[in-house]
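S.K.: run-v6.pdb is reproduced below (PDB, C-alpha atoms).
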ATOM      1  CA  MET A   1      -8.732   4.920  -6.541  1.00  0.00           C
ATOM      2  CA  ASN A   2      -6.781   7.516  -4.634  1.00  0.00           C
ATOM      3  CA  SER A   3      -4.789   9.724  -7.005  1.00  0.00           C
ATOM      4  CA  ILE A   4      -4.303  12.703  -4.669  1.00  0.00           C
ATOM      5  CA  GLN A   5      -0.841  12.663  -3.112  1.00  0.00           C
ATOM      6  CA  SER A   6       1.050  15.153  -1.053  1.00  0.00           C
ATOM      7  CA  ARG A   7       4.339  16.411  -2.401  1.00  0.00           C
ATOM      8  CA  HIS A   8       6.062  14.508   0.395  1.00  0.00           C
ATOM      9  CA  ALA A   9       4.398  11.223  -0.667  1.00  0.00           C
ATOM     10  CA  THR A  10       5.392  11.739  -4.310  1.00  0.00           C
ATOM     11  CA  ILE A  11       9.019  12.395  -3.381  1.00  0.00           C
ATOM     12  CA  ARG A  12       9.141   9.427  -0.989  1.00  0.00           C
ATOM     13  CA  ALA A  13       7.673   7.083  -3.617  1.00  0.00           C
ATOM     14  CA  GLN A  14      10.390   8.129  -6.052  1.00  0.00           C
ATOM     15  CA  GLN A  15      13.137   7.800  -3.451  1.00  0.00           C
ATOM     16  CA  ARG A  16      11.909   4.377  -2.355  1.00  0.00           C
ATOM     17  CA  CYS A  17      11.385   3.082  -5.924  1.00  0.00           C
ATOM     18  CA  ILE A  18       7.648   2.519  -5.574  1.00  0.00           C
ATOM     19  CA  PRO A  19       6.082   2.677  -9.049  1.00  0.00           C
ATOM     20  CA  PRO A  20       2.629   4.200  -9.640  1.00  0.00           C
ATOM     21  CA  PHE A  21       1.085   0.831 -10.587  1.00  0.00           C
ATOM     22  CA  ALA A  22       2.052  -0.576  -7.163  1.00  0.00           C
ATOM     23  CA  ASP A  23       0.242   2.378  -5.594  1.00  0.00           C
ATOM     24  CA  GLU A  24      -2.832   1.552  -7.688  1.00  0.00           C
ATOM     25  CA  LEU A  25      -2.668  -2.087  -6.578  1.00  0.00           C
ATOM     26  CA  LEU A  26      -2.644  -0.887  -2.966  1.00  0.00           C
ATOM     27  CA  ASP A  27      -5.771   1.165  -3.650  1.00  0.00           C
ATOM     28  CA  ARG A  28      -7.569  -1.751  -5.301  1.00  0.00           C
ATOM     29  CA  PHE A  29      -6.503  -4.697  -3.152  1.00  0.00           C
ATOM     30  CA  GLY A  30      -4.817  -3.358  -0.022  1.00  0.00           C
ATOM     31  CA  ARG A  31      -6.214  -3.768   3.481  1.00  0.00           C
ATOM     32  CA  ARG A  32      -7.072  -0.533   5.298  1.00  0.00           C
ATOM     33  CA  GLN A  33      -6.516  -0.129   9.003  1.00  0.00           C
ATOM     34  CA  TYR A  34      -7.275   2.974  11.034  1.00  0.00           C
ATOM     35  CA  THR A  35      -4.208   4.068  13.012  1.00  0.00           C
ATOM     36  CA  GLY A  36      -6.017   6.016  15.715  1.00  0.00           C
ATOM     37  CA  HIS A  37      -4.307   9.277  14.768  1.00  0.00           C
ATOM     38  CA  GLY A  38      -6.624  10.491  12.000  1.00  0.00           C
ATOM     39  CA  ALA A  39      -5.037   8.342   9.310  1.00  0.00           C
ATOM     40  CA  GLU A  40      -5.342   4.916   7.720  1.00  0.00           C
ATOM     41  CA  ILE A  41      -2.512   2.634   6.716  1.00  0.00           C
ATOM     42  CA  ILE A  42      -3.001   0.587   3.555  1.00  0.00           C
ATOM     43  CA  PHE A  43      -0.925  -2.562   3.096  1.00  0.00           C
ATOM     44  CA  PHE A  44      -1.028  -6.027   1.543  1.00  0.00           C
ATOM     45  CA  ASP A  45      -2.070  -8.964   3.705  1.00  0.00           C
ATOM     46  CA  HIS A  46      -2.795 -12.587   2.803  1.00  0.00           C
ATOM     47  CA  GLY A  47      -6.409 -11.856   1.913  1.00  0.00           C
ATOM     48  CA  SER A  48      -5.504  -9.021  -0.418  1.00  0.00           C
ATOM     49  CA  LYS A  49      -2.865 -11.171  -2.133  1.00  0.00           C
ATOM     50  CA  ARG A  50      -5.441 -13.936  -2.655  1.00  0.00           C
ATOM     51  CA  ALA A  51      -7.945 -11.445  -4.094  1.00  0.00           C
ATOM     52  CA  MET A  52      -5.257 -10.112  -6.412  1.00  0.00           C
ATOM     53  CA  ALA A  53      -4.400 -13.653  -7.564  1.00  0.00           C
ATOM     54  CA  ARG A  54      -8.071 -14.392  -8.279  1.00  0.00           C
ATOM     55  CA  GLU A  55      -8.427 -11.304 -10.421  1.00  0.00           C
ATOM     56  CA  LEU A  56      -5.006 -11.055 -12.093  1.00  0.00           C
ATOM     57  CA  GLY A  57      -3.796 -14.662 -12.002  1.00  0.00           C
ATOM     58  CA  SER A  58      -1.205 -16.346  -9.827  1.00  0.00           C
ATOM     59  CA  ARG A  59       1.769 -15.909 -12.181  1.00  0.00           C
ATOM     60  CA  PRO A  60       1.535 -12.108 -12.475  1.00  0.00           C
ATOM     61  CA  VAL A  61       1.043 -11.851  -8.729  1.00  0.00           C
ATOM     62  CA  ALA A  62       4.150 -13.970  -8.139  1.00  0.00           C
ATOM     63  CA  LYS A  63       6.134 -11.535 -10.339  1.00  0.00           C
ATOM     64  CA  LEU A  64       4.816  -8.607  -8.270  1.00  0.00           C
ATOM     65  CA  SER A  65       5.917 -10.128  -4.959  1.00  0.00           C
ATOM     66  CA  GLU A  66       8.749  -7.596  -4.556  1.00  0.00           C
ATOM     67  CA  PHE A  67       6.100  -4.928  -3.930  1.00  0.00           C
ATOM     68  CA  PHE A  68       4.173  -6.800  -1.217  1.00  0.00           C
ATOM     69  CA  ASP A  69       6.051  -5.032   1.578  1.00  0.00           C
ATOM     70  CA  ILE A  70       4.936  -1.522   0.580  1.00  0.00           C
ATOM     71  CA  PHE A  71       2.449   0.565   2.516  1.00  0.00           C
ATOM     72  CA  LYS A  72       0.975   4.021   2.402  1.00  0.00           C
ATOM     73  CA  VAL A  73      -0.557   6.301   4.985  1.00  0.00           C
ATOM     74  CA  VAL A  74      -3.734   8.122   3.947  1.00  0.00           C
ATOM     75  CA  ASP A  75      -5.457  11.005   5.754  1.00  0.00           C
ATOM     76  CA  SER A  76      -8.826   9.528   6.762  1.00  0.00           C
ATOM     77  CA  THR A  77     -10.716  12.811   6.383  1.00  0.00           C
ATOM     78  CA  THR A  78      -9.425  14.016   3.008  1.00  0.00           C
ATOM     79  CA  GLY A  79      -8.253  10.736   1.460  1.00  0.00           C
ATOM     80  CA  ARG A  80      -4.920  12.319   0.559  1.00  0.00           C
ATOM     81  CA  THR A  81      -1.812  10.136   0.626  1.00  0.00           C
ATOM     82  CA  VAL A  82       0.546  11.406   3.337  1.00  0.00           C
ATOM     83  CA  THR A  83       3.541   9.113   2.807  1.00  0.00           C
ATOM     84  CA  THR A  84       4.539   5.775   1.377  1.00  0.00           C
ATOM     85  CA  GLY A  85       7.284   3.277   2.111  1.00  0.00           C
ATOM     86  CA  HIS A  86       8.463  -0.291   2.623  1.00  0.00           C
ATOM     87  CA  ARG A  87       7.512  -2.157   5.768  1.00  0.00           C
ATOM     88  CA  THR A  88      10.378  -3.204   8.000  1.00  0.00           C
ATOM     89  CA  GLN A  89       8.183  -4.352  10.893  1.00  0.00           C
ATOM     90  CA  ARG A  90       4.956  -6.250  11.194  1.00  0.00           C
ATOM     91  CA  ILE A  91       1.720  -4.231  11.200  1.00  0.00           C
ATOM     92  CA  TRP A  92      -0.248  -5.351  14.236  1.00  0.00           C
ATOM     93  CA  ARG A  93      -3.932  -5.578  13.444  1.00  0.00           C
ATOM     94  CA  THR A  94      -6.635  -4.766  15.923  1.00  0.00           C
TER      95      THR A  94
END
Translate the structure of the given file into C-alpha cells.

M.R.:
Amino acid sequence: MNSIQSRHATIRAQQRCIPPFADELLDRFGRRQYTGHGAEIIFFDHGSKRAMARELGSRPVAKLSEFFDIFKVVDSTTGRTVTTGHRTQRIWRT
C-alpha cells in the first residue's frame, strides 16, 4: 500500500473529494500502467472491479461505483503519489 503522498497530491485529493479509503482501494485493486515519462497511472478497469467484487462482495462494490473514475499518478522510482483526480477521458492501454 502506498501511503507516501506529495503535498500537491494531498491537496488535490481534498479538493476533488477523493477519500483516503478510495486511495487504498486503488492501491489494492487498481491497474497500473507505465506512462513513459517516469510515472505510473493507477486506475480501475473491468478486471480490477471484478477482483474487488470477489473480495468485498458485489453490493459494497456497487455502492462504491462513484469512485470508479478516480486515478492517481505515482512516481515509478520512489513510489510517491504525485497527483490524483477524476478521469474525464479514456485511458488508452498499450

S.K.: Find the spatial neighbours of Pro19 of chain A, counting only C-alpha atoms, within a cut-off of 12 Å - ignore same-chain residues fewer than 6 positions away - and output them as a PyMOL selection string.

M.R.: chain A and resi 10-13+25-26+64+66-67+70+84-85

S.K.: May I ask which of the residues A:Arg7, A:Gln14, A:Glu55, A:Tyr34 is the closest one to Val73 of chain A, counting all atoms listed in the file?

M.R.: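 Of A:Arg7, A:Gln14, A:Glu55, A:Tyr34, the one nearest Val73 of chain A is A:Tyr34, counting all atoms listed in the file.
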
S.K.: Enclose the full set of atoms of segment 10-13 of chain A listed in the file within a box whose edges lie along x, y and z, apply 3 Å of padding to each of the six sides, and report centre and edge lengths in Å to one decimal as lines of an AutoDock Vina configuration file.

M.R.:
center_x = 7.3
center_y = 9.7
center_z = -2.6
size_x = 9.7
size_y = 11.3
size_z = 9.3

S.K.: Got a sec: who's within 10 Å of Gly38 of chain A, counting only C-alpha atoms, leaving out chain neighbours fewer than 3 positions off, as an NGL selection string?

M.R.: :A and (34-35 or 74-77)

S.K.: How many Å separate atom CA of Arg31 of chain A from atom CA of Ile18 of chain A?

M.R.: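 Result for atom CA of Arg31 of chain A versus atom CA of Ile18 of chain A: 17.7 Å, one decimal.
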
S.K.: Record the distance separating atom CA of Thr83 of chain A and atom CA of Phe43 of chain A, expressed in Å with one decimal.

M.R.: 12.5 Å

S.K.: For the structure provided, state which residues fall under the PyMOL selection byres ((chain A and resi 42) around 6), and present them as a PyMOL selection string.

M.R.: chain A and resi 30-32+41+43+71-72

S.K.: What's the 7 Å shell around Ser48 of chain A, counting all atoms listed in the file, without same-chain residues fewer than 2 positions away, as number ranges by chain?

M.R.: A: 29-31, 44-46, 50-52

S.K.: May I ask which of the residues A:Ile4, A:Val82, A:Ala53, A:Ala62 is the closest one to Glu24 of chain A, counting all atoms listed in the file?

M.R.: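 Closest residue, counting all atoms listed in the file: A:Ile4.
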
S.K.: Separation of atom CA of Ile91 of chain A and atom CA of Ala22 of chain A, in Å?

M.R.: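 Rounded to one decimal, the two atoms are 18.7 Å apart.
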
S.K.: For each of A:Gln33, A:Thr78, A:Ser65, A:Ser58, take the minimum atom-to-atom distance to Trp92 of chain A, counting all atoms listed in the file, then give the residue where this is smallest.

M.R.: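 When distances to Trp92 of chain A are compared using all atoms listed in the file, the smallest one comes from A:Gln33.
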
S.K.: How would you write as a list in words the residues that get within 6 Å of (9.4, -5.6, 2.2) in the file's frame, counting all atoms listed in the file?

M.R.: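 So the residues meeting the distance criterion are Asp69, His86 and Arg87 of chain A.
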
S.K.: Is it possible to add all heavy atoms to segment 77-88 of chain A and hand it back as a PDB file, in the frame of the given file?

M.R.:
ATOM      1  N   THR A  77      -9.677  11.825   6.666  1.00  0.00           N
ATOM      2  CA  THR A  77     -10.716  12.811   6.383  1.00  0.00           C
ATOM      3  C   THR A  77     -10.692  13.283   4.938  1.00  0.00           C
ATOM      4  O   THR A  77     -11.743  13.444   4.321  1.00  0.00           O
ATOM      5  CB  THR A  77     -10.585  14.041   7.312  1.00  0.00           C
ATOM      6  OG1 THR A  77      -9.281  14.593   7.156  1.00  0.00           O
ATOM      7  CG2 THR A  77     -10.817  13.637   8.750  1.00  0.00           C
ATOM      8  N   THR A  78      -9.515  13.500   4.373  1.00  0.00           N
ATOM      9  CA  THR A  78      -9.425  14.016   3.008  1.00  0.00           C
ATOM     10  C   THR A  78      -9.137  12.937   1.971  1.00  0.00           C
ATOM     11  O   THR A  78      -9.381  13.146   0.792  1.00  0.00           O
ATOM     12  CB  THR A  78      -8.309  15.078   2.896  1.00  0.00           C
ATOM     13  OG1 THR A  78      -7.056  14.466   3.183  1.00  0.00           O
ATOM     14  CG2 THR A  78      -8.571  16.245   3.824  1.00  0.00           C
ATOM     15  N   GLY A  79      -8.607  11.794   2.395  1.00  0.00           N
ATOM     16  CA  GLY A  79      -8.253  10.736   1.460  1.00  0.00           C
ATOM     17  C   GLY A  79      -6.945  10.980   0.743  1.00  0.00           C
ATOM     18  O   GLY A  79      -6.598  10.274  -0.201  1.00  0.00           O
ATOM     19  N   ARG A  80      -6.184  11.954   1.184  1.00  0.00           N
ATOM     20  CA  ARG A  80      -4.920  12.319   0.559  1.00  0.00           C
ATOM     21  C   ARG A  80      -3.789  11.448   1.107  1.00  0.00           C
ATOM     22  O   ARG A  80      -3.686  11.239   2.313  1.00  0.00           O
ATOM     23  CB  ARG A  80      -4.634  13.784   0.842  1.00  0.00           C
ATOM     24  CG  ARG A  80      -3.437  14.312   0.164  1.00  0.00           C
ATOM     25  CD  ARG A  80      -3.316  15.785   0.416  1.00  0.00           C
ATOM     26  NE  ARG A  80      -2.242  16.306  -0.405  1.00  0.00           N
ATOM     27  CZ  ARG A  80      -1.973  17.572  -0.546  1.00  0.00           C
ATOM     28  NH1 ARG A  80      -2.697  18.465   0.075  1.00  0.00           N
ATOM     29  NH2 ARG A  80      -0.991  17.950  -1.308  1.00  0.00           N
ATOM     30  N   THR A  81      -2.945  10.950   0.211  1.00  0.00           N
ATOM     31  CA  THR A  81      -1.812  10.136   0.626  1.00  0.00           C
ATOM     32  C   THR A  81      -0.778  11.013   1.317  1.00  0.00           C
ATOM     33  O   THR A  81      -0.319  12.008   0.760  1.00  0.00           O
ATOM     34  CB  THR A  81      -1.167   9.435  -0.582  1.00  0.00           C
ATOM     35  OG1 THR A  81      -2.154   8.637  -1.226  1.00  0.00           O
ATOM     36  CG2 THR A  81      -0.018   8.554  -0.155  1.00  0.00           C
ATOM     37  N   VAL A  82      -0.408  10.636   2.540  1.00  0.00           N
ATOM     38  CA  VAL A  82       0.546  11.406   3.337  1.00  0.00           C
ATOM     39  C   VAL A  82       1.973  10.955   3.050  1.00  0.00           C
ATOM     40  O   VAL A  82       2.859  11.770   2.812  1.00  0.00           O
ATOM     41  CB  VAL A  82       0.227  11.273   4.840  1.00  0.00           C
ATOM     42  CG1 VAL A  82       1.241  12.008   5.675  1.00  0.00           C
ATOM     43  CG2 VAL A  82      -1.178  11.750   5.125  1.00  0.00           C
ATOM     44  N   THR A  83       2.209   9.652   3.082  1.00  0.00           N
ATOM     45  CA  THR A  83       3.541   9.113   2.807  1.00  0.00           C
ATOM     46  C   THR A  83       3.407   7.677   2.344  1.00  0.00           C
ATOM     47  O   THR A  83       2.347   7.064   2.451  1.00  0.00           O
ATOM     48  CB  THR A  83       4.465   9.213   4.036  1.00  0.00           C
ATOM     49  OG1 THR A  83       5.803   8.937   3.632  1.00  0.00           O
ATOM     50  CG2 THR A  83       4.056   8.260   5.137  1.00  0.00           C
ATOM     51  N   THR A  84       4.493   7.144   1.861  1.00  0.00           N
ATOM     52  CA  THR A  84       4.539   5.775   1.377  1.00  0.00           C
ATOM     53  C   THR A  84       5.917   5.200   1.687  1.00  0.00           C
ATOM     54  O   THR A  84       6.872   5.953   1.849  1.00  0.00           O
ATOM     55  CB  THR A  84       4.231   5.726  -0.130  1.00  0.00           C
ATOM     56  OG1 THR A  84       4.195   4.396  -0.571  1.00  0.00           O
ATOM     57  CG2 THR A  84       5.236   6.499  -0.935  1.00  0.00           C
ATOM     58  N   GLY A  85       6.000   3.884   1.790  1.00  0.00           N
ATOM     59  CA  GLY A  85       7.284   3.277   2.111  1.00  0.00           C
ATOM     60  C   GLY A  85       7.253   1.767   2.077  1.00  0.00           C
ATOM     61  O   GLY A  85       6.260   1.162   1.663  1.00  0.00           O
ATOM     62  N   HIS A  86       8.342   1.163   2.516  1.00  0.00           N
ATOM     63  CA  HIS A  86       8.463  -0.291   2.623  1.00  0.00           C
ATOM     64  C   HIS A  86       8.394  -0.670   4.095  1.00  0.00           C
ATOM     65  O   HIS A  86       9.045  -0.047   4.933  1.00  0.00           O
ATOM     66  CB  HIS A  86       9.808  -0.755   2.046  1.00  0.00           C
ATOM     67  CG  HIS A  86       9.929  -0.559   0.575  1.00  0.00           C
ATOM     68  ND1 HIS A  86       9.538  -1.516  -0.331  1.00  0.00           N
ATOM     69  CD2 HIS A  86      10.377   0.488  -0.151  1.00  0.00           C
ATOM     70  CE1 HIS A  86       9.749  -1.065  -1.548  1.00  0.00           C
ATOM     71  NE2 HIS A  86      10.263   0.150  -1.462  1.00  0.00           N
ATOM     72  N   ARG A  87       7.625  -1.709   4.381  1.00  0.00           N
ATOM     73  CA  ARG A  87       7.512  -2.157   5.768  1.00  0.00           C
ATOM     74  C   ARG A  87       8.798  -2.841   6.207  1.00  0.00           C
ATOM     75  O   ARG A  87       9.361  -3.645   5.490  1.00  0.00           O
ATOM     76  CB  ARG A  87       6.361  -3.160   5.919  1.00  0.00           C
ATOM     77  CG  ARG A  87       5.021  -2.556   5.911  1.00  0.00           C
ATOM     78  CD  ARG A  87       3.916  -3.550   6.219  1.00  0.00           C
ATOM     79  NE  ARG A  87       3.816  -4.550   5.157  1.00  0.00           N
ATOM     80  CZ  ARG A  87       4.044  -5.842   5.316  1.00  0.00           C
ATOM     81  NH1 ARG A  87       4.367  -6.324   6.477  1.00  0.00           N
ATOM     82  NH2 ARG A  87       3.928  -6.667   4.302  1.00  0.00           N
ATOM     83  N   THR A  88       9.242  -2.505   7.400  1.00  0.00           N
ATOM     84  CA  THR A  88      10.378  -3.204   8.000  1.00  0.00           C
ATOM     85  C   THR A  88       9.955  -3.962   9.249  1.00  0.00           C
ATOM     86  O   THR A  88      10.717  -4.757   9.771  1.00  0.00           O
ATOM     87  CB  THR A  88      11.507  -2.220   8.371  1.00  0.00           C
ATOM     88  OG1 THR A  88      10.977  -1.240   9.271  1.00  0.00           O
ATOM     89  CG2 THR A  88      12.057  -1.535   7.133  1.00  0.00           C
TER      90      THR A  88
END
